[in-house]
>>> print(open('protein-v4.txt').read())   # compact mmCIF, C-alpha atoms and all ligand atoms
# COMPACT_ATOMS: atom_id res chain seq x y z
CA MET A 1 -228.52 152.31 152.76
CA PRO A 2 -229.85 151.93 156.32
CA GLU A 3 -231.47 148.61 157.04
CA THR A 4 -235.22 148.44 156.61
CA PHE A 5 -237.11 148.69 159.86
CA ARG A 6 -238.65 145.35 160.82
CA PHE A 7 -241.56 145.11 163.17
CA TRP A 8 -241.11 141.41 163.82
CA THR A 9 -237.70 140.25 162.81
CA PHE A 10 -237.98 136.55 163.22
CA CYS A 11 -239.98 134.07 161.29
CA VAL A 12 -238.87 130.59 162.31
CA SER A 13 -235.30 130.03 163.41
CA GLU A 14 -234.03 128.75 160.08
CA CYS A 15 -235.58 131.65 158.15
CA SER A 16 -233.97 135.07 157.84
CA ALA A 17 -237.02 136.73 156.28
CA ALA A 18 -238.99 139.39 158.09
CA ALA A 19 -242.37 138.41 159.43
CA ALA A 20 -245.15 139.60 157.15
CA ILE A 21 -247.18 142.23 159.00
CA ASP A 22 -250.32 141.56 157.02
CA VAL A 23 -250.40 137.84 156.30
CA GLY A 24 -247.81 136.44 158.70
CA LEU A 25 -249.35 136.71 162.18
CA CYS A 26 -251.03 133.58 163.46
CA GLU A 27 -253.70 134.21 166.08
CA ARG A 28 -253.69 130.53 167.04
CA CYS A 29 -250.03 129.91 167.91
CA LYS A 30 -249.34 133.66 168.29
CA GLN A 31 -246.20 133.48 166.18
CA HIS A 32 -244.91 135.69 163.42
CA PHE A 33 -244.16 134.10 160.08
CA CYS A 34 -242.97 135.24 156.70
CA ALA A 35 -245.57 134.78 153.97
CA ILE A 36 -244.00 131.48 152.92
CA HIS A 37 -243.64 129.87 156.33
CA ALA A 38 -247.15 130.99 157.33
CA ILE A 39 -248.64 128.54 154.86
CA LEU A 40 -246.07 125.74 154.94
CA ALA A 41 -247.21 122.39 156.28
CA THR A 42 -244.76 122.77 159.19
CA HIS A 43 -247.03 125.51 160.52
CA CYS A 44 -249.85 123.21 161.51
CA CYS A 45 -252.43 125.64 162.91
CA LYS A 46 -255.86 125.69 161.33
CA LYS A 47 -255.83 128.28 158.59
CA TYR A 48 -259.19 129.88 159.29
CA PRO A 49 -259.89 132.62 161.86
CA LEU A 50 -260.83 131.93 165.48
CA ASP A 51 -264.56 131.63 165.99
CA GLU A 52 -266.35 133.97 168.35
CA ASP A 53 -265.94 131.80 171.45
CA GLU A 54 -262.28 131.10 170.76
CA TRP A 55 -261.69 134.79 170.17
CA ALA A 56 -263.37 135.78 173.44
CA ALA A 57 -261.41 133.12 175.35
CA ALA A 58 -258.12 134.31 173.83
CA GLN A 59 -258.87 137.89 174.80
CA THR A 60 -259.77 136.98 178.35
CA GLU A 61 -256.61 134.93 178.67
CA GLU A 62 -254.52 137.83 177.37
CA VAL A 63 -256.13 140.42 179.63
CA THR A 64 -255.94 138.16 182.67
CA ALA A 65 -252.21 137.77 182.09
CA LEU A 66 -251.88 141.54 181.75
CA ARG A 67 -253.75 142.09 185.03
CA HIS A 68 -251.37 139.68 186.73
CA MET A 69 -248.44 141.78 185.58
CA MET A 70 -250.00 144.83 187.21
CA ASN A 71 -249.46 146.00 190.75
CA ASP A 72 -252.92 147.41 191.52
CA GLU A 73 -251.94 148.73 194.91
CA ILE A 74 -249.15 150.93 193.56
CA LEU A 75 -251.32 152.28 190.76
CA ARG A 76 -254.14 153.00 193.21
CA ARG A 77 -251.71 154.82 195.50
CA ARG A 78 -250.37 156.90 192.60
CA ALA A 79 -253.93 157.87 191.63
CA SER A 80 -254.76 158.83 195.19
CA GLU A 81 -251.59 160.95 195.55
CA ARG A 82 -252.47 162.81 192.36
CA ASN A 83 -256.01 163.51 193.48
CA GLY A 84 -255.51 165.25 196.79
CA GLY A 85 -255.10 162.02 198.75
CA LEU A 86 -258.66 160.86 198.09
CA ASN A 87 -259.13 157.15 198.56
CA CYS A 88 -259.95 155.19 195.46
CA GLU A 89 -260.71 151.70 194.27
CA PHE A 90 -260.92 149.86 190.97
CA ASP A 91 -264.45 149.50 189.68
CA PRO A 92 -265.32 145.94 190.73
CA SER A 93 -267.85 145.59 187.90
CA ASP A 94 -265.11 145.41 185.26
CA PRO A 95 -262.01 143.90 186.85
CA LEU A 96 -260.35 143.11 183.52
CA GLY A 97 -261.07 146.46 181.87
CA GLN A 98 -262.78 144.75 178.96
CA LYS A 99 -265.82 146.98 178.81
CA ARG A 100 -263.70 149.67 177.21
CA MET A 101 -261.16 147.52 175.48
CA CYS A 102 -259.79 148.67 172.15
CA GLY A 103 -257.11 147.47 169.78
CA MET A 104 -254.20 148.63 171.91
CA HIS A 105 -255.60 149.29 175.39
CA ILE A 106 -257.82 148.16 178.19
CA HIS A 107 -259.34 150.76 180.51
CA LEU A 108 -259.82 150.18 184.23
CA ARG A 109 -262.13 152.58 186.00
CA ILE A 110 -260.81 154.05 189.25
CA ILE A 111 -263.53 155.42 191.51
CA PHE A 112 -262.63 158.03 194.16
CA SER A 113 -264.33 158.45 197.51
CA ASN A 114 -266.03 161.65 196.28
CA GLY A 115 -267.70 159.71 193.45
CA THR A 116 -265.53 161.01 190.60
CA ALA A 117 -263.73 158.56 188.33
CA TRP A 118 -260.51 158.32 186.35
CA LEU A 119 -259.43 155.73 183.86
CA ALA A 120 -256.25 153.71 183.92
CA ARG A 121 -255.48 153.30 180.22
CA ILE A 122 -253.30 150.20 180.10
CA LEU A 123 -251.35 149.18 177.04
CA ARG A 124 -252.24 145.65 175.99
CA HIS A 125 -249.45 143.15 175.76
CA ASN A 126 -249.84 140.42 173.18
CA TYR A 127 -248.23 138.88 170.14
CA THR A 128 -249.17 141.86 167.97
CA SER A 129 -247.68 144.41 170.39
CA PHE A 130 -244.87 146.67 169.30
CA SER A 131 -241.45 146.53 170.93
CA ASP A 132 -241.04 148.23 174.31
CA ASP A 133 -239.17 151.17 172.80
CA PHE A 134 -241.75 151.71 170.11
CA SER A 135 -244.66 151.33 172.55
CA ASN A 136 -243.06 153.87 174.88
CA LEU A 137 -242.62 156.38 172.07
CA CYS A 138 -246.30 156.01 171.19
CA LEU A 139 -247.33 156.44 174.79
CA LYS A 140 -245.15 159.49 175.40
CA SER A 141 -246.43 161.09 172.23
CA GLU A 142 -250.02 160.53 173.31
CA CYS A 143 -249.24 162.07 176.70
CA ALA A 144 -247.69 165.12 175.02
CA THR A 145 -250.77 165.40 172.81
CA LEU A 146 -253.16 165.32 175.78
CA LYS A 147 -251.18 168.02 177.55
CA TRP A 148 -251.12 170.17 174.43
CA LEU A 149 -254.88 169.74 173.97
CA GLU A 150 -255.48 170.70 177.58
CA ASP A 151 -253.45 173.87 177.06
CA ILE A 152 -255.56 174.92 174.08
CA ASN A 153 -258.87 173.89 175.65
CA VAL A 154 -259.87 171.09 173.32
CA PRO A 155 -262.12 168.73 175.25
CA SER A 156 -260.05 165.61 175.78
CA PRO A 157 -259.10 163.60 178.86
CA LYS A 158 -256.80 165.37 181.29
CA LEU A 159 -253.60 163.43 181.94
CA TYR A 160 -252.63 162.86 185.58
CA ASP A 161 -249.81 160.35 185.40
CA PHE A 162 -248.16 157.84 183.13
CA GLY A 163 -245.62 155.05 183.26
CA LEU A 164 -243.68 153.33 180.52
CA ARG A 165 -243.01 149.70 179.77
CA ASN A 166 -240.06 148.27 181.65
CA GLU A 167 -239.75 151.25 183.92
CA PRO A 168 -238.67 149.39 187.06
CA GLU A 169 -238.57 152.38 189.40
CA ILE A 170 -242.32 152.96 189.03
CA LYS A 171 -243.23 149.34 189.80
CA VAL A 172 -246.74 149.39 188.32
CA GLY A 173 -245.61 146.55 186.08
CA VAL A 174 -247.34 147.68 182.88
CA ALA A 175 -247.38 150.79 180.66
CA TYR A 176 -250.24 153.02 181.71
CA MET A 177 -251.79 156.46 181.66
CA LEU A 178 -254.06 157.84 184.36
CA ILE A 179 -256.62 160.05 182.67
CA GLU A 180 -259.86 161.80 183.41
CA GLU A 181 -263.05 159.93 182.61
CA LEU A 182 -265.02 162.19 180.28
CA PRO A 183 -268.80 162.22 180.28
CA GLY A 184 -270.64 160.95 177.21
CA THR A 185 -270.66 157.80 175.19
CA PRO A 186 -268.83 156.92 171.97
CA LEU A 187 -270.63 158.02 168.89
CA LEU A 188 -271.68 154.83 167.22
CA LEU A 189 -274.99 155.86 165.88
CA PRO A 190 -276.47 153.67 163.23
CA SER A 191 -278.62 156.39 161.70
CA PRO A 192 -278.76 159.75 163.46
CA SER A 193 -281.35 162.13 162.14
CA GLU A 194 -280.24 165.16 160.13
CA GLU A 195 -281.14 167.37 163.08
CA GLN A 196 -279.00 165.29 165.43
CA LEU A 197 -276.13 165.40 162.96
CA ARG A 198 -276.39 169.17 162.69
CA LYS A 199 -276.08 169.48 166.42
CA LEU A 200 -273.18 167.09 166.53
CA TYR A 201 -271.28 168.74 163.71
CA LYS A 202 -271.86 172.16 165.19
CA SER A 203 -269.85 171.26 168.28
CA TYR A 204 -267.42 169.18 166.18
CA ALA A 205 -266.79 172.22 163.97
CA ASP A 206 -266.14 174.34 167.08
CA ILE A 207 -263.44 171.90 168.15
CA LEU A 208 -261.83 171.82 164.70
CA CYS A 209 -261.81 175.62 164.63
CA THR A 210 -260.11 175.68 168.02
CA ILE A 211 -257.34 173.34 166.85
CA TYR A 212 -257.04 175.44 163.71
CA LYS A 213 -256.17 178.45 165.84
CA TYR A 214 -252.99 176.69 166.99
CA PRO A 215 -250.86 175.92 163.95
CA ILE A 216 -247.71 173.85 164.34
CA ASP A 217 -244.58 174.64 162.35
CA GLN A 218 -243.62 171.10 161.34
CA ILE A 219 -245.25 167.84 160.33
CA GLY A 220 -244.69 165.34 163.09
CA ALA A 221 -245.96 164.02 166.41
CA LEU A 222 -245.89 165.94 169.65
CA SER A 223 -243.30 164.69 172.02
CA LEU A 224 -242.58 165.18 175.72
CA GLN A 225 -239.13 166.39 176.69
CA PRO A 226 -237.53 165.16 179.92
CA ASP A 227 -238.19 168.60 181.47
CA GLY A 228 -241.92 168.27 180.67
CA THR A 229 -241.99 170.69 177.75
CA ILE A 230 -243.70 169.70 174.51
CA CYS A 231 -242.04 169.88 171.13
CA ILE A 232 -242.58 168.40 167.70
CA GLY A 233 -240.75 165.17 167.00
CA PRO A 234 -240.90 162.29 164.51
CA ILE A 235 -244.17 160.63 163.56
CA VAL A 236 -244.37 157.43 165.56
CA GLY A 237 -245.86 154.87 163.18
CA ASP A 238 -249.53 154.61 162.40
CA ARG A 239 -252.54 152.67 163.51
CA SER A 240 -251.69 149.70 161.37
CA GLY A 241 -248.24 149.80 162.91
CA THR A 242 -246.54 149.68 159.61
CA PHE A 243 -243.59 152.00 159.62
CA SER A 244 -240.76 153.23 161.75
CA GLN A 245 -240.42 156.82 162.86
CA ILE A 246 -240.28 159.43 160.14
CA GLY A 247 -239.85 163.18 160.23
CA PRO A 248 -240.42 165.76 161.45
CA PHE A 249 -240.90 167.48 158.09
CA SER A 250 -241.35 171.08 157.10
CA ASN A 251 -242.93 170.29 153.76
CA ALA A 252 -245.89 168.15 152.71
CA ARG A 253 -244.23 166.76 149.59
CA GLU A 254 -241.34 165.49 151.63
CA TYR A 255 -243.74 163.93 154.13
CA TYR A 256 -245.87 162.05 151.62
CA THR A 257 -242.83 161.05 149.58
CA THR A 258 -241.14 159.58 152.63
CA TRP A 259 -244.34 157.82 153.61
CA ALA A 260 -244.51 156.13 150.19
CA GLU A 261 -240.81 155.27 150.33
CA LYS A 262 -241.29 153.53 153.70
CA TYR A 263 -243.92 151.34 152.08
CA LEU A 264 -241.62 150.58 149.17
CA GLU A 265 -238.95 149.46 151.63
CA MET A 266 -241.35 147.19 153.44
CA ILE A 267 -242.69 145.75 150.21
CA CYS A 268 -239.12 144.91 149.11
CA ASP A 269 -238.45 143.36 152.51
CA HIS A 270 -241.67 141.30 152.13
CA GLN A 271 -243.26 142.71 155.25
CA LEU A 272 -246.36 143.88 153.40
CA PHE A 273 -248.40 142.94 150.33
CA THR A 274 -246.39 139.74 149.83
CA PRO A 275 -249.04 138.00 147.71
CA TYR A 276 -248.49 140.67 145.01
CA SER A 277 -245.14 142.32 145.76
CA VAL A 278 -244.41 143.59 142.26
CA ASN A 279 -247.84 145.11 141.80
CA ALA A 280 -247.68 146.77 145.22
CA TYR A 281 -244.23 148.10 144.42
CA LEU A 282 -245.47 149.66 141.18
CA ILE A 283 -248.42 151.26 142.95
CA PHE A 284 -246.40 152.76 145.77
CA LYS A 285 -243.70 153.95 143.39
CA TYR A 286 -246.44 155.69 141.43
CA LEU A 287 -247.81 157.25 144.65
CA LYS A 288 -244.32 158.38 145.56
CA GLU A 289 -243.96 160.12 142.20
CA LEU A 290 -247.32 161.84 142.68
CA ALA A 291 -246.12 163.03 146.09
CA GLN A 292 -242.84 164.33 144.68
CA GLN A 293 -244.74 166.24 142.01
CA GLY A 294 -247.00 167.83 144.62
CA GLN A 295 -250.07 166.10 143.25
CA TRP A 296 -251.36 165.08 146.66
CA ASN A 297 -252.34 168.69 147.06
CA ALA A 298 -255.42 169.83 145.16
CA PHE A 299 -255.18 173.37 146.54
CA GLU A 300 -252.60 176.14 146.26
CA SER A 301 -249.10 174.72 146.47
CA SER A 302 -248.10 177.16 149.24
CA ILE A 303 -250.00 175.09 151.82
CA ASP A 304 -247.39 172.35 151.34
CA ASN A 305 -245.06 174.54 153.40
CA GLY A 306 -247.38 174.86 156.35
CA PRO A 307 -248.67 175.77 158.75
CA PHE A 308 -249.66 172.32 159.97
CA PHE A 309 -252.39 171.20 162.33
CA LEU A 310 -252.92 168.46 164.88
CA LYS A 311 -255.02 165.59 163.56
CA HIS A 312 -256.70 162.72 165.33
CA MET A 313 -255.92 159.70 163.19
CA ASP A 314 -259.12 157.75 163.76
CA ASP A 315 -261.36 157.57 160.78
CA LYS A 316 -264.31 156.00 162.53
CA SER A 317 -266.42 157.85 165.03
CA ASP A 318 -265.84 155.88 168.20
CA HIS A 319 -263.23 158.39 169.42
CA ILE A 320 -265.92 161.07 169.61
CA LEU A 321 -267.88 161.14 172.86
CA VAL A 322 -271.32 162.69 172.80
CA ASP A 323 -273.98 163.46 175.38
CA LYS A 324 -277.62 162.50 174.99
CA ASP A 325 -278.29 165.74 173.11
CA TYR A 326 -275.52 165.03 170.60
CA ASN A 327 -273.12 167.64 171.91
CA VAL A 328 -269.52 166.47 171.62
CA THR A 329 -268.14 166.03 175.14
CA GLY A 330 -264.63 165.18 174.04
CA PHE A 331 -262.24 163.33 171.77
CA ILE A 332 -260.46 160.32 173.20
CA ASP A 333 -257.76 157.87 172.12
CA TRP A 334 -255.11 160.19 170.65
CA THR A 335 -252.51 157.50 169.90
CA PHE A 336 -250.73 158.25 166.61
CA ALA A 337 -252.04 161.85 166.44
CA ARG A 338 -249.77 164.11 164.46
CA ALA A 339 -249.50 167.54 162.89
CA VAL A 340 -250.30 167.23 159.19
CA PRO A 341 -250.61 169.57 156.20
CA MET A 342 -253.86 171.40 155.62
CA GLN A 343 -254.87 169.12 152.74
CA GLY A 344 -254.64 166.10 155.04
CA TRP A 345 -256.11 167.80 158.07
CA ALA A 346 -259.39 169.32 157.01
CA SER A 347 -260.44 166.13 155.28
CA PRO A 348 -263.53 166.57 153.27
CA GLY A 349 -266.34 164.74 154.86
CA ASP A 350 -269.94 165.14 155.44
CA ARG A 351 -271.93 167.89 153.76
CA ILE A 352 -273.40 168.89 157.12
CA LEU A 353 -269.93 169.26 158.63
CA ALA A 354 -268.91 171.42 155.68
CA GLU A 355 -271.95 173.62 156.27
CA ALA A 356 -271.15 173.90 159.96
CA ILE A 357 -267.61 174.99 159.19
CA GLN A 358 -268.76 177.38 156.46
CA THR A 359 -270.57 179.45 159.07
CA ARG A 360 -267.37 179.75 161.13
CA ASP A 361 -264.46 180.01 158.73
CA LYS A 362 -264.86 180.33 154.98
CA TYR A 363 -261.19 179.67 154.25
CA LEU A 364 -261.29 176.44 156.22
CA ALA A 365 -264.58 175.46 154.60
CA ARG A 366 -262.87 175.32 151.18
CA PHE A 367 -260.73 172.43 152.34
CA VAL A 368 -263.59 170.54 153.89
CA SER A 369 -265.54 170.79 150.65
CA GLY A 370 -262.58 170.07 148.33
CA PRO A 371 -261.32 166.77 146.91
CA ASP A 372 -259.89 164.39 149.48
CA LEU A 373 -256.73 163.30 147.68
CA VAL A 374 -254.74 162.50 150.81
CA ARG A 375 -257.19 159.95 152.08
CA ARG A 376 -257.51 158.43 148.66
CA PHE A 377 -253.75 158.27 148.09
CA SER A 378 -252.70 157.14 151.53
CA PHE A 379 -255.30 155.68 153.75
CA ALA A 380 -256.92 153.02 151.72
CA LEU A 381 -253.79 151.29 150.51
CA GLY A 382 -251.62 152.16 153.45
CA MET A 383 -253.03 149.66 155.86
CA GLY A 384 -251.19 146.75 157.35
CA MET A 385 -254.17 144.52 156.90
CA CYS A 386 -254.55 141.57 154.69
CA MET A 387 -255.87 143.09 151.47
CA SER A 388 -256.64 140.88 148.52
CA TRP A 389 -255.33 141.84 145.09
CA ASP A 390 -258.89 142.33 143.84
CA GLU A 391 -259.50 144.91 146.55
CA ALA A 392 -256.16 146.58 145.97
CA VAL A 393 -256.58 146.89 142.23
CA ASP A 394 -260.07 148.32 142.69
CA LEU A 395 -258.65 150.95 145.01
CA PHE A 396 -255.90 151.68 142.55
CA ARG A 397 -258.42 152.07 139.75
CA GLY A 398 -260.19 154.76 141.80
CA LEU A 399 -256.90 156.34 142.69
CA ILE A 400 -255.57 156.63 139.16
CA SER A 401 -258.91 157.91 138.02
CA THR A 402 -258.58 160.69 140.61
CA ALA A 403 -254.99 161.42 139.68
CA GLU A 404 -255.21 161.28 135.91
CA GLY A 405 -258.87 161.16 135.03
CA ILE A 406 -258.45 157.70 133.50
CA GLY A 407 -261.79 156.02 133.83
CA SER A 408 -263.19 152.73 132.63
CA GLU A 409 -260.53 152.44 129.91
CA PHE A 410 -257.86 151.81 132.55
CA ASP A 411 -256.26 148.41 132.00
CA TRP A 412 -254.08 147.19 134.85
CA ASP A 413 -252.07 144.74 132.73
CA VAL A 414 -251.18 147.36 130.16
CA TRP A 415 -250.32 149.92 132.85
CA ARG A 416 -248.17 147.34 134.62
CA GLN A 417 -246.21 146.43 131.49
CA ASN A 418 -245.66 150.07 130.63
CA ARG A 419 -244.42 150.90 134.10
CA ILE A 420 -242.08 147.92 134.26
CA ALA A 421 -240.58 149.09 130.97
CA GLN A 422 -240.45 152.71 132.08
CA TRP A 423 -238.78 151.84 135.38
CA ALA A 424 -236.36 149.29 133.95
CA GLY A 425 -233.49 151.14 135.63
CA ASP A 426 -234.96 150.70 139.12
CA GLY A 427 -232.70 148.18 140.87
CA ARG A 428 -235.21 147.29 143.58
CA LEU A 429 -237.92 146.58 141.04
CA GLN A 430 -235.54 144.44 138.98
CA ALA A 431 -234.55 142.50 142.09
CA LEU A 432 -238.20 141.83 142.92
CA LEU A 433 -238.98 140.70 139.37
CA LEU A 434 -235.96 138.43 139.39
CA GLU A 435 -236.80 136.99 142.79
CA LEU A 436 -240.34 136.22 141.69
CA GLY A 437 -239.20 134.67 138.44
CA GLU A 438 -240.72 137.34 136.22
CA ILE A 439 -237.48 138.01 134.33
ZN ZN B 1 -250.02 129.19 164.07
ZN ZN B 2 -239.88 132.30 156.87
>>> encode(input="protein-v4.txt", output="structure tokens")
Amino acid sequence: MPETFRFWTFCVSECSAAAAIDVGLCERCKQHFCAIHAILATHCCKKYPLDEDEWAAAQTEEVTALRHMMNDEILRRRASERNGGLNCEFDPSDPLGQKRMCGMHIHLRIIFSNGTAWLARILRHNYTSFSDDFSNLCLKSECATLKWLEDINVPSPKLYDFGLRNEPEIKVGVAYMLIEELPGTPLLLPSPSEEQLRKLYKSYADILCTIYKYPIDQIGALSLQPDGTICIGPIVGDRSGTFSQIGPFSNAREYYTTWAEKYLEMICDHQLFTPYSVNAYLIFKYLKELAQQGQWNAFESSIDNGPFFLKHMDDKSDHILVDKDYNVTGFIDWTFARAVPMQGWASPGDRILAEAIQTRDKYLARFVSGPDLVRRFSFALGMGMCMSWDEAVDLFRGLISTAEGIGSEFDWDVWRQNRIAQWAGDGRLQALLLELGEI
């Protein structure tokens, strides 16, 4: 069996365990620990989160260090060369790029002498960063995605240039993309009116229908070939950064099954859900069985075989830019985008979105109005965040109710005992039980 992929191999030097992705990262000493070493007395950091001031100071320190790694002059020159030789300068009002900082990037605004602006999207570099190879795969996939979107006329930032981590010949010093600055502001509306939402979803539905016109023949992420062509390659992790590359796949069952298996591997390696390893193992094994049986698909089984469609993986709305009249001006931040099966692509959402799609494509509208099994079976539990057992079991209760119609009579303890008995021949489960002193 190939070795399980580890995001952060080392705990402390005398420990061979993997660092726990969810509970093992310390924002104070910026080290990676296994679940045991994280709470040992030898790890003497305070065990509560940074307060607001400490958090802001840590971010500024990180971004300042990143800016010191950067050669501004070379990046400026590259931007100028790619924009007809126009002179440009970094926007002095945001020298650290913090105004548009997100989980993985800062954005520096580059203003040209004709008044137009681009963004330098710079990969952050901190203790939660992925390895150089992994970061470069993510970046190249995002670049391929932007080029593909440009080709099919989906409003998204045009890509002008990019550079990878540890690419000495380019000499910018950091991984970056030079992209167009789109008009509009991120949609973070506390309570838009129904009329505003209708307008928004009308242009949103137009964009979805455009992407829908360009099916992709495999499940995977777009990838840039050395000759500049775009093809479909493996999925490069996800937003929570919790698995190695998988795929590409030509079938949805295989995709969701592999996804669940990756989680099982990480649970057994104690990279995730360490406070309740056995329970998490049982849940993900159950999800894997549902995937194998095709139960992630509430529609006709033929859609498991494709075609597949490009999906933006953000679930919030801050990747959608809108103008003051609530027209969508573009989608940004395409890291981790991938082609997915129909049942995971046209995720059911808002009633108004469903209505907007209904007027355009009745076939598509069925999926937007149908049950959202994929989100329920994958998204909620599949995060690399620190989830308490109470939260997890609540999610599982909802999940099993969706899958089997078991409602309030569901009893976790009984289910657990039954499954442990049923899966007595599962060597990994037995090893976990033995390790945790349960047999
Ligand atoms: Zn610490
Ligand atoms: Zn350890």
>>> closest_atom_pairs(input="protein-v4.txt", of="chain A", to="ligand ZN 2 (chain B)", cutoff="7 Å", atoms="only C-alpha atoms and all ligand atoms", output="tab-separated table")
residue	atom	partner	partner_atom	distance
A:Cys11	CA	B:ZN2	ZN	4.8
A:Val12	CA	B:ZN2	ZN	5.8
A:Cys15	CA	B:ZN2	ZN	4.5
A:Ser16	CA	B:ZN2	ZN	6.6
A:Ala17	CA	B:ZN2	ZN	5.3
A:Phe33	CA	B:ZN2	ZN	5.6
A:Cys34	CA	B:ZN2	ZN	4.3
A:Ala35	CA	B:ZN2	ZN	6.9
A:Ile36	CA	B:ZN2	ZN	5.8
A:His37	CA	B:ZN2	ZN	4.5
>>> closest_residue(input="protein-v4.txt", among="A:Val393, A:Leu139, A:Leu182, A:Val172", to="Trp118 of chain A", atoms="all atoms listed in the file")
A:Leu182
>>> residues_near_ligand(input="protein-v4.txt", ligand="ligand ZN 1 (chain B)", cutoff="7 Å", atoms="all atoms listed in the file", output="PyMOL selection string")
chain A and resi 26-31+43-45
>>> axis_aligned_box(input="protein-v4.txt", around="segment 409-425 of chain A", padding_each_side="8 Å", output="JSON")
{"center_x": -247.0, "center_y": 148.7, "center_z": 132.8, "size_x": 43.0, "size_y": 24.0, "size_z": 21.7}
>>> closest_atom_pairs(input="protein-v4.txt", of="segment 357-400 of chain A", to="segment 276-290 of chain A", cutoff="9 Å", atoms="all atoms listed in the file", output="CSV")
residue,atom,partner,partner_atom,distance
A:Phe377,CA,A:Leu287,CA,6.9
A:Ser378,CA,A:Leu287,CA,8.4
A:Leu381,CA,A:Phe284,CA,8.9
A:Ser388,CA,A:Tyr276,CA,8.9
A:Trp389,CA,A:Tyr276,CA,6.9
A:Ala392,CA,A:Ala280,CA,8.5
A:Val393,CA,A:Asn279,CA,8.9
A:Phe396,CA,A:Ile283,CA,7.5
>>> atom_distance(input="protein-v4.txt", atom1="atom CA of Trp415 of chain A", atom2="atom CA of Leu429 of chain A")
15.2 Å
>>> atom_distance(input="protein-v4.txt", atom1="atom CA of Glu3 of chain A", atom2="atom CA of Pro234 of chain A")
18.2 Å
>>> decode(input="protein-v4.txt", residues="segment 295-332 of chain A", atoms="C-alpha atoms", output="PDB file, in the first residue's frame")
ATOM      1  CA  GLN A 295     -26.193   6.865  -3.440  1.00  0.00           C
ATOM      2  CA  TRP A 296     -24.556  10.266  -3.695  1.00  0.00           C
ATOM      3  CA  ASN A 297     -26.589  10.697  -6.829  1.00  0.00           C
ATOM      4  CA  ALA A 298     -30.284  11.436  -6.364  1.00  0.00           C
ATOM      5  CA  PHE A 299     -30.892  11.674 -10.116  1.00  0.00           C
ATOM      6  CA  GLU A 300     -30.596   9.225 -12.999  1.00  0.00           C
ATOM      7  CA  SER A 301     -27.500   7.079 -12.606  1.00  0.00           C
ATOM      8  CA  SER A 302     -26.283   7.891 -16.127  1.00  0.00           C
ATOM      9  CA  ILE A 303     -25.067  11.319 -14.982  1.00  0.00           C
ATOM     10  CA  ASP A 304     -22.388   9.533 -12.934  1.00  0.00           C
ATOM     11  CA  ASN A 305     -20.599   8.949 -16.243  1.00  0.00           C
ATOM     12  CA  GLY A 306     -20.524  12.572 -17.251  1.00  0.00           C
ATOM     13  CA  PRO A 307     -20.357  14.999 -18.783  1.00  0.00           C
ATOM     14  CA  PHE A 308     -18.735  17.057 -16.051  1.00  0.00           C
ATOM     15  CA  PHE A 309     -18.633  20.786 -15.454  1.00  0.00           C
ATOM     16  CA  LEU A 310     -16.225  23.310 -14.005  1.00  0.00           C
ATOM     17  CA  LYS A 311     -17.119  24.347 -10.463  1.00  0.00           C
ATOM     18  CA  HIS A 312     -15.880  27.183  -8.320  1.00  0.00           C
ATOM     19  CA  MET A 313     -15.288  25.615  -4.923  1.00  0.00           C
ATOM     20  CA  ASP A 314     -16.192  28.584  -2.753  1.00  0.00           C
ATOM     21  CA  ASP A 315     -19.377  28.182  -0.850  1.00  0.00           C
ATOM     22  CA  LYS A 316     -19.590  31.723   0.435  1.00  0.00           C
ATOM     23  CA  SER A 317     -20.329  34.653  -1.785  1.00  0.00           C
ATOM     24  CA  ASP A 318     -17.165  36.703  -1.510  1.00  0.00           C
ATOM     25  CA  HIS A 319     -15.832  35.297  -4.800  1.00  0.00           C
ATOM     26  CA  ILE A 320     -18.713  36.947  -6.657  1.00  0.00           C
ATOM     27  CA  LEU A 321     -18.102  40.554  -7.655  1.00  0.00           C
ATOM     28  CA  VAL A 322     -21.113  42.749  -8.247  1.00  0.00           C
ATOM     29  CA  ASP A 323     -21.686  46.294  -9.431  1.00  0.00           C
ATOM     30  CA  LYS A 324     -23.910  48.774  -7.631  1.00  0.00           C
ATOM     31  CA  ASP A 325     -26.932  47.490  -9.547  1.00  0.00           C
ATOM     32  CA  TYR A 326     -26.269  43.897  -8.471  1.00  0.00           C
ATOM     33  CA  ASN A 327     -25.071  42.691 -11.839  1.00  0.00           C
ATOM     34  CA  VAL A 328     -22.328  40.089 -11.477  1.00  0.00           C
ATOM     35  CA  THR A 329     -19.117  41.569 -12.867  1.00  0.00           C
ATOM     36  CA  GLY A 330     -17.060  38.434 -12.417  1.00  0.00           C
ATOM     37  CA  PHE A 331     -15.990  35.452 -10.359  1.00  0.00           C
ATOM     38  CA  ILE A 332     -12.596  35.606  -8.695  1.00  0.00           C
TER      39      ILE A 332
END
